[in-house]
Structure formats: C-alpha cells, structure tokens
Amino acid sequence: KMPTDTIAVKQEFDFKHILLVDDNPTFLAILTEIVTDLGYQCTSANNGLEAKKCLQADNFDLVITDIMMPDITGIELIRYLRDKFPDTDSIAITGMDGKFRFTDVIKAGATDYLSKPFPREELAAKLARIRRERSAHLAYRYGIDINHLINNLLRIFLSDIDLEQTFIQFISHITSLKWLGLEAKGAVFLADNSHNSLEMIAQQNMREARIESCTHVPFGRCFCGRAAQTGQLVFANRSDERYELTYDGINAQGHYCIPIKTGAGDLLGVFTL
C-alpha cells in the first residue's frame, strides 16, 4: 500500500507559453497586450520565418498567427506546426478581405480561427475552449496510462521472477509515465525494523557512488530515511540540507521518497524516484 497522494498530477491544462505571429507591428503589439492582460506568457514574431526560429528554440502550447504574411503564410506555418509540433494548438487570424474561410484554416490544421477585427472577449472565449478540450484529453490520457500501469504492475508481481528483477521492472514502468516528468532511475529499499534502517534491494540507472552511499540508510537520515521514520512522502525539487548521504561528483537533483506500507500501516520499505 502506498499513499494515494504521493505524486500530484495536474490534469487541468493551461497555456505556459504562446507564440504570436503577425507582420503588422501595430496589430502585433495590440495582440501582445491583450494576451498578456489575459495572464499568459507570450513571445512575438514578425513573420513566419521568425516564428519557425522561435518554435525551434523554445516550447509553445499555442501559436496565434495571421494568415496573410510574406515569405511564409499563416497557412504554411500551421501546416508546419501540424507536421513538426503536433501537440501545439494554433489559432489563425483571417483578414477583412475574406480570402480565407474557416474550412481553409481548419483543413490546414488550425484549432480555431478569428476574423479581424475581433473583441478581446472572443479571443478569451476561444482560449478557454481550447483549455477545456486539452484538459479533457489530458484526463482521458491519464486514465488510460494509469490503467495500463496497473495491468503491467499486476503482471510483474504475478510473474515468476526474483524480487530484485520485480522491483527493477516496477521502477521502469513507474518512470515510463512521461507526464510525471521523472528520470528513468530510482531504487527500492526494504525496512529492517530490528536495526531501524533501510536496505537497498533494487535500483535502476543509479551511479555506483550513490549505490555505495545508500546501500544501508538509517531511519531518519537523508530523504529515504526520513520517509521511513515519518511514514510520509518526502519530496525535494533539488538536493538540500536533508540530503545527508553525499558523495563526490553529486549533482543537484530532486527526489520523491515514498513509504511502502501494509494495509495496517506497518512500514515495509521505501522507494525513491
């Protein structure tokens, strides 16, 4: 049994970084002000070529682009997004000439479109709709991944393999969930209650120096020992003063140390990611 709140995963999507593209500097400045006032971080590009450079240099959740631009049109940029950055949404802005229709931009791969001029409220509503749809997709994907993980873990624990291999595969499957943002390494410790310590019984991709320093961990010492002593999850986004079992060449790193308990609450061990 492990704590149900060990690792909180945010299933509600929000835009972290939006790319704004328009060759009209006046309109681009207005659009930047609107998007910033709505609470989003944004970067602006004056044309399609500059937008491509931005996309290659940074991560964007959404691109809002004008259609009529020199060199690379908004339609071409949206097609580029669809091919190279399929997880990035896009909103196409069409001009007053009516040259491009809704079907044109949607067929190109845009998520939505706006016609100039448009009120701030219309853009806000479209951003809210995309966020709702992305949140629903995240929740759906999260559910599928969790069910797949549970099935894999059940298969592992029912397999006729030794305890070390069981936990190595356990670590591998846990760290395979990309939305957890974990490195593909970790360790499992069993509790030796007679000596008030943890003993490492399995690890994956850990440095030899760390394996040596963490083979036996007293209760209450370092991150894993604190998790064993308190029976609570211990988290650090970087190594701090609690990281007592150090070694030469250690890198700053974050930790999740999660106690493993029986249904009655007795400590069995700790696993760290």
# chains A, B, ... in the order shown; residues from 1 in each chain; ligands from 1
>>> residues_around(residues="Gln165 in chain A", least_positions_apart="5", cutoff="12 Å", atoms="only C-alpha atoms", output="compact mmCIF listing (two decimals) with N, CA, C and O atoms, in the first residue's frame")
# COMPACT_ATOMS: atom_id res chain seq x y z
N ILE A 156 3.74 -8.01 -13.41
CA ILE A 156 5.08 -8.15 -12.84
C ILE A 156 5.03 -8.93 -11.53
O ILE A 156 5.78 -9.88 -11.32
N PHE A 157 4.13 -8.52 -10.63
CA PHE A 157 4.10 -9.14 -9.31
C PHE A 157 3.55 -10.56 -9.32
O PHE A 157 3.74 -11.31 -8.36
N SER A 159 4.50 -12.56 -11.85
CA SER A 159 5.49 -13.29 -12.65
C SER A 159 6.43 -14.08 -11.75
O SER A 159 6.66 -13.74 -10.58
N ASP A 160 7.01 -15.12 -12.32
CA ASP A 160 7.94 -15.97 -11.58
C ASP A 160 9.36 -15.45 -11.77
O ASP A 160 10.20 -16.05 -12.44
N PHE A 170 9.37 -2.67 -11.79
CA PHE A 170 8.43 -1.75 -11.14
C PHE A 170 8.89 -0.31 -11.35
O PHE A 170 8.12 0.56 -11.78
N ILE A 171 10.18 -0.04 -11.08
CA ILE A 171 10.73 1.31 -11.27
C ILE A 171 10.63 1.73 -12.73
O ILE A 171 10.24 2.86 -13.05
N SER A 172 10.95 0.82 -13.63
CA SER A 172 10.93 1.12 -15.07
C SER A 172 9.54 1.55 -15.53
O SER A 172 9.39 2.52 -16.28
N ALA A 187 15.24 3.61 -6.88
CA ALA A 187 15.65 2.49 -6.05
C ALA A 187 14.52 2.09 -5.12
O ALA A 187 13.62 2.88 -4.83
N VAL A 188 14.60 0.83 -4.68
CA VAL A 188 13.63 0.31 -3.71
C VAL A 188 14.40 -0.21 -2.50
O VAL A 188 15.42 -0.90 -2.64
N ILE A 201 17.46 -2.99 -2.15
CA ILE A 201 17.38 -4.33 -2.74
C ILE A 201 17.30 -4.29 -4.26
O ILE A 201 17.48 -5.31 -4.93
N ALA A 202 17.02 -3.10 -4.82
CA ALA A 202 16.95 -2.98 -6.28
C ALA A 202 17.17 -1.53 -6.67
O ALA A 202 16.79 -0.62 -5.93
N GLN A 203 17.78 -1.33 -7.82
CA GLN A 203 17.98 0.03 -8.33
C GLN A 203 18.04 0.00 -9.85
O GLN A 203 18.30 -1.03 -10.45
N GLN A 204 17.80 1.14 -10.43
CA GLN A 204 17.89 1.27 -11.88
C GLN A 204 18.60 2.56 -12.24
O GLN A 204 18.20 3.64 -11.80
>>> residues_around(residues="Phe85 in chain A", least_positions_apart="6", cutoff="12 Å", atoms="only C-alpha atoms", output="compact mmCIF listing (two decimals) with N, CA, C and O atoms, in the first residue's frame")
# COMPACT_ATOMS: atom_id res chain seq x y z
N LYS A 52 9.24 30.27 -37.11
CA LYS A 52 9.87 28.95 -37.17
C LYS A 52 11.09 28.89 -36.27
O LYS A 52 11.32 27.90 -35.58
N LEU A 55 9.96 28.56 -32.71
CA LEU A 55 9.46 27.21 -32.44
C LEU A 55 10.59 26.21 -32.26
O LEU A 55 10.49 25.27 -31.46
N GLN A 56 11.67 26.40 -33.00
CA GLN A 56 12.81 25.50 -32.89
C GLN A 56 13.64 25.76 -31.64
O GLN A 56 14.34 24.87 -31.16
N ASP A 58 12.28 27.13 -28.61
CA ASP A 58 11.54 27.11 -27.35
C ASP A 58 10.29 26.25 -27.51
O ASP A 58 9.92 25.84 -28.61
N ASN A 59 9.61 25.98 -26.38
CA ASN A 59 8.38 25.19 -26.38
C ASN A 59 7.18 26.12 -26.27
O ASN A 59 7.16 27.01 -25.43
N PHE A 60 6.18 25.87 -27.13
CA PHE A 60 4.96 26.68 -27.12
C PHE A 60 3.75 25.75 -27.10
O PHE A 60 3.73 24.71 -27.76
N ASP A 61 2.75 26.15 -26.32
CA ASP A 61 1.50 25.39 -26.27
C ASP A 61 0.53 25.83 -27.35
O ASP A 61 -0.35 25.07 -27.76
N LEU A 62 0.68 27.07 -27.82
CA LEU A 62 -0.27 27.64 -28.76
C LEU A 62 0.44 28.67 -29.64
O LEU A 62 1.30 29.41 -29.18
N VAL A 63 0.04 28.69 -30.92
CA VAL A 63 0.51 29.71 -31.85
C VAL A 63 -0.71 30.45 -32.39
O VAL A 63 -1.67 29.82 -32.87
N LEU A 77 2.55 28.08 -42.14
CA LEU A 77 3.05 27.93 -40.78
C LEU A 77 2.23 26.92 -40.00
O LEU A 77 2.78 26.10 -39.25
N ILE A 78 0.93 26.94 -40.19
CA ILE A 78 0.05 25.98 -39.50
C ILE A 78 0.33 24.56 -39.97
O ILE A 78 0.36 23.62 -39.17
N ARG A 79 0.56 24.38 -41.26
CA ARG A 79 0.92 23.05 -41.77
C ARG A 79 2.26 22.59 -41.20
O ARG A 79 2.44 21.40 -40.89
N GLY A 109 -4.98 22.55 -40.47
CA GLY A 109 -4.60 22.00 -39.17
C GLY A 109 -4.82 22.93 -38.00
O GLY A 109 -4.44 22.61 -36.86
>>> closest_residue(among="A:Asn152, A:Ala128, A:Gln232, A:Val217", to="Leu38 in chain A", atoms="only C-alpha atoms")
A:Ala128
>>> select_by_dssp(residues="range 26-244 of chain A", states="alpha helix (DSSP H)", output="NGL selection string")
:A and (26-37 or 48-57 or 74-84 or 102-108 or 120-157 or 163-175 or 208-213 or 222-230)
>>> closest_residue(among="A:Thr215, A:His137, A:Leu49, A:Arg120", to="Ser197 in chain A", atoms="only C-alpha atoms")
A:Thr215
>>> residues_around(residues="Asn205 in chain A", least_positions_apart="6", cutoff="9 Å", atoms="only C-alpha atoms", output="ChimeraX atom specification")
/A:184-187
>>> atom_distance(atom1="CA of Leu163 in chain A", atom2="CA of Pro259 in chain A")
17.7 Å
>>> select_by_dssp(residues="range 90-223 of chain A", states="strand (DSSP E or B)", output="list in words")
Ser90, Ile91, Ala92, Ile93, Thr94, Asp112, Tyr113, Leu114, Ser115, Gly186, Ala187, Val188, Phe189, Leu190, Ala191, Asp192, Ser197, Leu198, Glu199, Met200, Ile201, Ala202, Gln203, Gln204, His216, Val217 and Pro218 of chain A
>>> residues_around(residues="Ala51 in chain A", least_positions_apart="2", cutoff="10 Å", atoms="only C-alpha atoms", output="count of residues only")
20
>>> atom_distance(atom1="CA of Thr36 in chain A", atom2="CA of His17 in chain A")
10.6 Å
>>> decode(residues="range 52-205 of chain A", atoms="C-alpha atoms", output="PDB file, in the first residue's frame")
ATOM      1  CA  LYS A  52       9.872  28.955 -37.174  1.00  0.00           C
ATOM      2  CA  LYS A  53      13.060  30.014 -35.410  1.00  0.00           C
ATOM      3  CA  CYS A  54      11.105  30.621 -32.194  1.00  0.00           C
ATOM      4  CA  LEU A  55       9.456  27.211 -32.436  1.00  0.00           C
ATOM      5  CA  GLN A  56      12.809  25.503 -32.889  1.00  0.00           C
ATOM      6  CA  ALA A  57      14.318  27.354 -29.942  1.00  0.00           C
ATOM      7  CA  ASP A  58      11.537  27.105 -27.351  1.00  0.00           C
ATOM      8  CA  ASN A  59       8.385  25.187 -26.380  1.00  0.00           C
ATOM      9  CA  PHE A  60       4.964  26.675 -27.124  1.00  0.00           C
ATOM     10  CA  ASP A  61       1.495  25.393 -26.266  1.00  0.00           C
ATOM     11  CA  LEU A  62      -0.267  27.644 -28.759  1.00  0.00           C
ATOM     12  CA  VAL A  63       0.508  29.715 -31.850  1.00  0.00           C
ATOM     13  CA  ILE A  64      -1.770  32.600 -32.845  1.00  0.00           C
ATOM     14  CA  THR A  65      -0.868  33.613 -36.366  1.00  0.00           C
ATOM     15  CA  ASP A  66      -2.013  35.977 -39.078  1.00  0.00           C
ATOM     16  CA  ILE A  67      -2.731  34.329 -42.428  1.00  0.00           C
ATOM     17  CA  MET A  68      -1.548  36.933 -44.931  1.00  0.00           C
ATOM     18  CA  MET A  69       2.210  37.305 -44.424  1.00  0.00           C
ATOM     19  CA  PRO A  70       5.193  37.499 -46.788  1.00  0.00           C
ATOM     20  CA  ASP A  71       7.638  34.613 -47.270  1.00  0.00           C
ATOM     21  CA  ILE A  72       5.653  32.094 -45.216  1.00  0.00           C
ATOM     22  CA  THR A  73       1.890  32.465 -44.973  1.00  0.00           C
ATOM     23  CA  GLY A  74      -0.064  31.580 -41.862  1.00  0.00           C
ATOM     24  CA  ILE A  75      -1.488  28.541 -43.657  1.00  0.00           C
ATOM     25  CA  GLU A  76       2.033  27.287 -44.380  1.00  0.00           C
ATOM     26  CA  LEU A  77       3.052  27.933 -40.783  1.00  0.00           C
ATOM     27  CA  ILE A  78       0.051  25.984 -39.498  1.00  0.00           C
ATOM     28  CA  ARG A  79       0.918  23.050 -41.773  1.00  0.00           C
ATOM     29  CA  TYR A  80       4.483  23.208 -40.458  1.00  0.00           C
ATOM     30  CA  LEU A  81       3.113  23.079 -36.911  1.00  0.00           C
ATOM     31  CA  ARG A  82       0.935  20.092 -37.724  1.00  0.00           C
ATOM     32  CA  ASP A  83       3.930  18.168 -39.121  1.00  0.00           C
ATOM     33  CA  LYS A  84       6.668  19.190 -36.667  1.00  0.00           C
ATOM     34  CA  PHE A  85       4.807  20.149 -33.482  1.00  0.00           C
ATOM     35  CA  PRO A  86       1.520  18.194 -33.491  1.00  0.00           C
ATOM     36  CA  ASP A  87       0.879  18.870 -29.783  1.00  0.00           C
ATOM     37  CA  THR A  88       0.896  22.642 -30.314  1.00  0.00           C
ATOM     38  CA  ASP A  89      -2.511  24.233 -30.926  1.00  0.00           C
ATOM     39  CA  SER A  90      -2.984  27.107 -33.348  1.00  0.00           C
ATOM     40  CA  ILE A  91      -5.456  29.907 -33.954  1.00  0.00           C
ATOM     41  CA  ALA A  92      -5.485  31.504 -37.412  1.00  0.00           C
ATOM     42  CA  ILE A  93      -6.353  35.172 -37.809  1.00  0.00           C
ATOM     43  CA  THR A  94      -8.034  35.988 -41.099  1.00  0.00           C
ATOM     44  CA  GLY A  95      -8.213  39.452 -42.603  1.00  0.00           C
ATOM     45  CA  MET A  96     -11.220  41.501 -43.577  1.00  0.00           C
ATOM     46  CA  ASP A  97     -10.795  40.636 -47.272  1.00  0.00           C
ATOM     47  CA  GLY A  98     -12.435  37.249 -46.696  1.00  0.00           C
ATOM     48  CA  LYS A  99      -9.878  35.467 -48.879  1.00  0.00           C
ATOM     49  CA  PHE A 100      -9.593  32.546 -46.461  1.00  0.00           C
ATOM     50  CA  ARG A 101     -12.557  30.736 -44.973  1.00  0.00           C
ATOM     51  CA  PHE A 102     -12.993  28.731 -41.790  1.00  0.00           C
ATOM     52  CA  THR A 103     -12.700  25.468 -43.728  1.00  0.00           C
ATOM     53  CA  ASP A 104      -9.372  26.552 -45.248  1.00  0.00           C
ATOM     54  CA  VAL A 105      -7.638  27.077 -41.933  1.00  0.00           C
ATOM     55  CA  ILE A 106      -9.168  24.017 -40.267  1.00  0.00           C
ATOM     56  CA  LYS A 107      -8.102  21.797 -43.166  1.00  0.00           C
ATOM     57  CA  ALA A 108      -4.587  23.200 -42.791  1.00  0.00           C
ATOM     58  CA  GLY A 109      -4.601  22.004 -39.167  1.00  0.00           C
ATOM     59  CA  ALA A 110      -5.655  25.051 -37.136  1.00  0.00           C
ATOM     60  CA  THR A 111      -7.523  24.505 -33.880  1.00  0.00           C
ATOM     61  CA  ASP A 112      -9.674  27.619 -34.356  1.00  0.00           C
ATOM     62  CA  TYR A 113      -9.779  30.951 -36.163  1.00  0.00           C
ATOM     63  CA  LEU A 114     -10.545  34.624 -35.649  1.00  0.00           C
ATOM     64  CA  SER A 115     -11.619  37.277 -38.145  1.00  0.00           C
ATOM     65  CA  LYS A 116     -10.232  40.799 -37.875  1.00  0.00           C
ATOM     66  CA  PRO A 117     -11.342  42.874 -36.120  1.00  0.00           C
ATOM     67  CA  PHE A 118     -12.276  40.788 -33.081  1.00  0.00           C
ATOM     68  CA  PRO A 119     -13.080  41.777 -29.496  1.00  0.00           C
ATOM     69  CA  ARG A 120     -10.878  40.725 -26.611  1.00  0.00           C
ATOM     70  CA  GLU A 121     -13.761  38.616 -25.235  1.00  0.00           C
ATOM     71  CA  GLU A 122     -13.871  36.472 -28.371  1.00  0.00           C
ATOM     72  CA  LEU A 123     -10.175  35.590 -28.082  1.00  0.00           C
ATOM     73  CA  ALA A 124     -10.591  34.866 -24.361  1.00  0.00           C
ATOM     74  CA  ALA A 125     -13.520  32.537 -25.111  1.00  0.00           C
ATOM     75  CA  LYS A 126     -11.551  30.612 -27.732  1.00  0.00           C
ATOM     76  CA  LEU A 127      -8.580  30.215 -25.408  1.00  0.00           C
ATOM     77  CA  ALA A 128     -10.914  28.931 -22.689  1.00  0.00           C
ATOM     78  CA  ARG A 129     -12.461  26.404 -25.104  1.00  0.00           C
ATOM     79  CA  ILE A 130      -9.051  25.055 -26.147  1.00  0.00           C
ATOM     80  CA  ARG A 131      -8.042  24.761 -22.499  1.00  0.00           C
ATOM     81  CA  ARG A 132     -11.209  22.772 -21.701  1.00  0.00           C
ATOM     82  CA  GLU A 133     -10.652  20.405 -24.606  1.00  0.00           C
ATOM     83  CA  ARG A 134      -6.990  19.894 -23.766  1.00  0.00           C
ATOM     84  CA  SER A 135      -7.877  19.274 -20.105  1.00  0.00           C
ATOM     85  CA  ALA A 136     -10.407  16.628 -21.133  1.00  0.00           C
ATOM     86  CA  HIS A 137      -7.799  14.974 -23.347  1.00  0.00           C
ATOM     87  CA  LEU A 138      -5.240  15.009 -20.514  1.00  0.00           C
ATOM     88  CA  ALA A 139      -7.712  13.384 -18.124  1.00  0.00           C
ATOM     89  CA  TYR A 140      -8.536  10.730 -20.736  1.00  0.00           C
ATOM     90  CA  ARG A 141      -4.844  10.059 -21.433  1.00  0.00           C
ATOM     91  CA  TYR A 142      -4.105   9.994 -17.708  1.00  0.00           C
ATOM     92  CA  GLY A 143      -6.802   7.353 -17.130  1.00  0.00           C
ATOM     93  CA  ILE A 144      -5.517   5.145 -19.940  1.00  0.00           C
ATOM     94  CA  ASP A 145      -1.920   5.408 -18.703  1.00  0.00           C
ATOM     95  CA  ILE A 146      -2.893   4.578 -15.114  1.00  0.00           C
ATOM     96  CA  ASN A 147      -4.911   1.513 -16.177  1.00  0.00           C
ATOM     97  CA  HIS A 148      -2.042   0.374 -18.383  1.00  0.00           C
ATOM     98  CA  LEU A 149       0.401   0.865 -15.484  1.00  0.00           C
ATOM     99  CA  ILE A 150      -1.768  -1.110 -13.057  1.00  0.00           C
ATOM    100  CA  ASN A 151      -2.057  -4.001 -15.529  1.00  0.00           C
ATOM    101  CA  ASN A 152       1.714  -4.036 -16.044  1.00  0.00           C
ATOM    102  CA  LEU A 153       2.411  -3.959 -12.307  1.00  0.00           C
ATOM    103  CA  LEU A 154      -0.026  -6.795 -11.649  1.00  0.00           C
ATOM    104  CA  ARG A 155       1.656  -8.849 -14.356  1.00  0.00           C
ATOM    105  CA  ILE A 156       5.082  -8.146 -12.838  1.00  0.00           C
ATOM    106  CA  PHE A 157       4.098  -9.141  -9.309  1.00  0.00           C
ATOM    107  CA  LEU A 158       2.453 -12.334 -10.575  1.00  0.00           C
ATOM    108  CA  SER A 159       5.489 -13.291 -12.649  1.00  0.00           C
ATOM    109  CA  ASP A 160       7.938 -15.968 -11.577  1.00  0.00           C
ATOM    110  CA  ILE A 161      10.969 -13.678 -11.251  1.00  0.00           C
ATOM    111  CA  ASP A 162      13.199 -12.811  -8.302  1.00  0.00           C
ATOM    112  CA  LEU A 163      12.491  -9.861  -6.017  1.00  0.00           C
ATOM    113  CA  GLU A 164      15.244  -7.658  -7.434  1.00  0.00           C
ATOM    114  CA  GLN A 165      14.005  -8.017 -11.018  1.00  0.00           C
ATOM    115  CA  THR A 166      10.443  -7.452  -9.834  1.00  0.00           C
ATOM    116  CA  PHE A 167      11.340  -4.066  -8.374  1.00  0.00           C
ATOM    117  CA  ILE A 168      13.611  -3.089 -11.273  1.00  0.00           C
ATOM    118  CA  GLN A 169      10.668  -3.580 -13.628  1.00  0.00           C
ATOM    119  CA  PHE A 170       8.429  -1.749 -11.142  1.00  0.00           C
ATOM    120  CA  ILE A 171      10.733   1.310 -11.271  1.00  0.00           C
ATOM    121  CA  SER A 172      10.927   1.119 -15.070  1.00  0.00           C
ATOM    122  CA  HIS A 173       7.153   1.166 -15.511  1.00  0.00           C
ATOM    123  CA  ILE A 174       6.601   3.980 -12.992  1.00  0.00           C
ATOM    124  CA  THR A 175       9.198   6.229 -14.625  1.00  0.00           C
ATOM    125  CA  SER A 176       7.832   5.499 -18.116  1.00  0.00           C
ATOM    126  CA  LEU A 177       4.871   7.817 -17.482  1.00  0.00           C
ATOM    127  CA  LYS A 178       6.063  10.932 -19.319  1.00  0.00           C
ATOM    128  CA  TRP A 179       3.627  13.299 -17.607  1.00  0.00           C
ATOM    129  CA  LEU A 180       5.283  12.550 -14.254  1.00  0.00           C
ATOM    130  CA  GLY A 181       8.468  14.194 -15.514  1.00  0.00           C
ATOM    131  CA  LEU A 182      10.742  11.633 -13.843  1.00  0.00           C
ATOM    132  CA  GLU A 183      14.167  10.427 -14.840  1.00  0.00           C
ATOM    133  CA  ALA A 184      14.342   6.725 -15.663  1.00  0.00           C
ATOM    134  CA  LYS A 185      16.105   5.816 -12.447  1.00  0.00           C
ATOM    135  CA  GLY A 186      15.278   5.006  -8.850  1.00  0.00           C
ATOM    136  CA  ALA A 187      15.654   2.487  -6.046  1.00  0.00           C
ATOM    137  CA  VAL A 188      13.631   0.305  -3.710  1.00  0.00           C
ATOM    138  CA  PHE A 189      14.539  -0.264  -0.067  1.00  0.00           C
ATOM    139  CA  LEU A 190      13.179  -2.817   2.388  1.00  0.00           C
ATOM    140  CA  ALA A 191      12.812  -1.915   6.053  1.00  0.00           C
ATOM    141  CA  ASP A 192      14.968  -3.688   8.621  1.00  0.00           C
ATOM    142  CA  ASN A 193      12.964  -2.761  11.711  1.00  0.00           C
ATOM    143  CA  SER A 194      15.306  -4.656  14.045  1.00  0.00           C
ATOM    144  CA  HIS A 195      18.120  -2.261  13.107  1.00  0.00           C
ATOM    145  CA  ASN A 196      15.944   0.792  12.296  1.00  0.00           C
ATOM    146  CA  SER A 197      17.371   1.026   8.809  1.00  0.00           C
ATOM    147  CA  LEU A 198      16.604   0.572   5.126  1.00  0.00           C
ATOM    148  CA  GLU A 199      18.418  -1.854   2.852  1.00  0.00           C
ATOM    149  CA  MET A 200      18.564  -1.233  -0.894  1.00  0.00           C
ATOM    150  CA  ILE A 201      17.380  -4.332  -2.742  1.00  0.00           C
ATOM    151  CA  ALA A 202      16.952  -2.983  -6.279  1.00  0.00           C
ATOM    152  CA  GLN A 203      17.980   0.032  -8.325  1.00  0.00           C
ATOM    153  CA  GLN A 204      17.894   1.265 -11.885  1.00  0.00           C
ATOM    154  CA  ASN A 205      20.407   3.590 -13.584  1.00  0.00           C
TER     155      ASN A 205
END
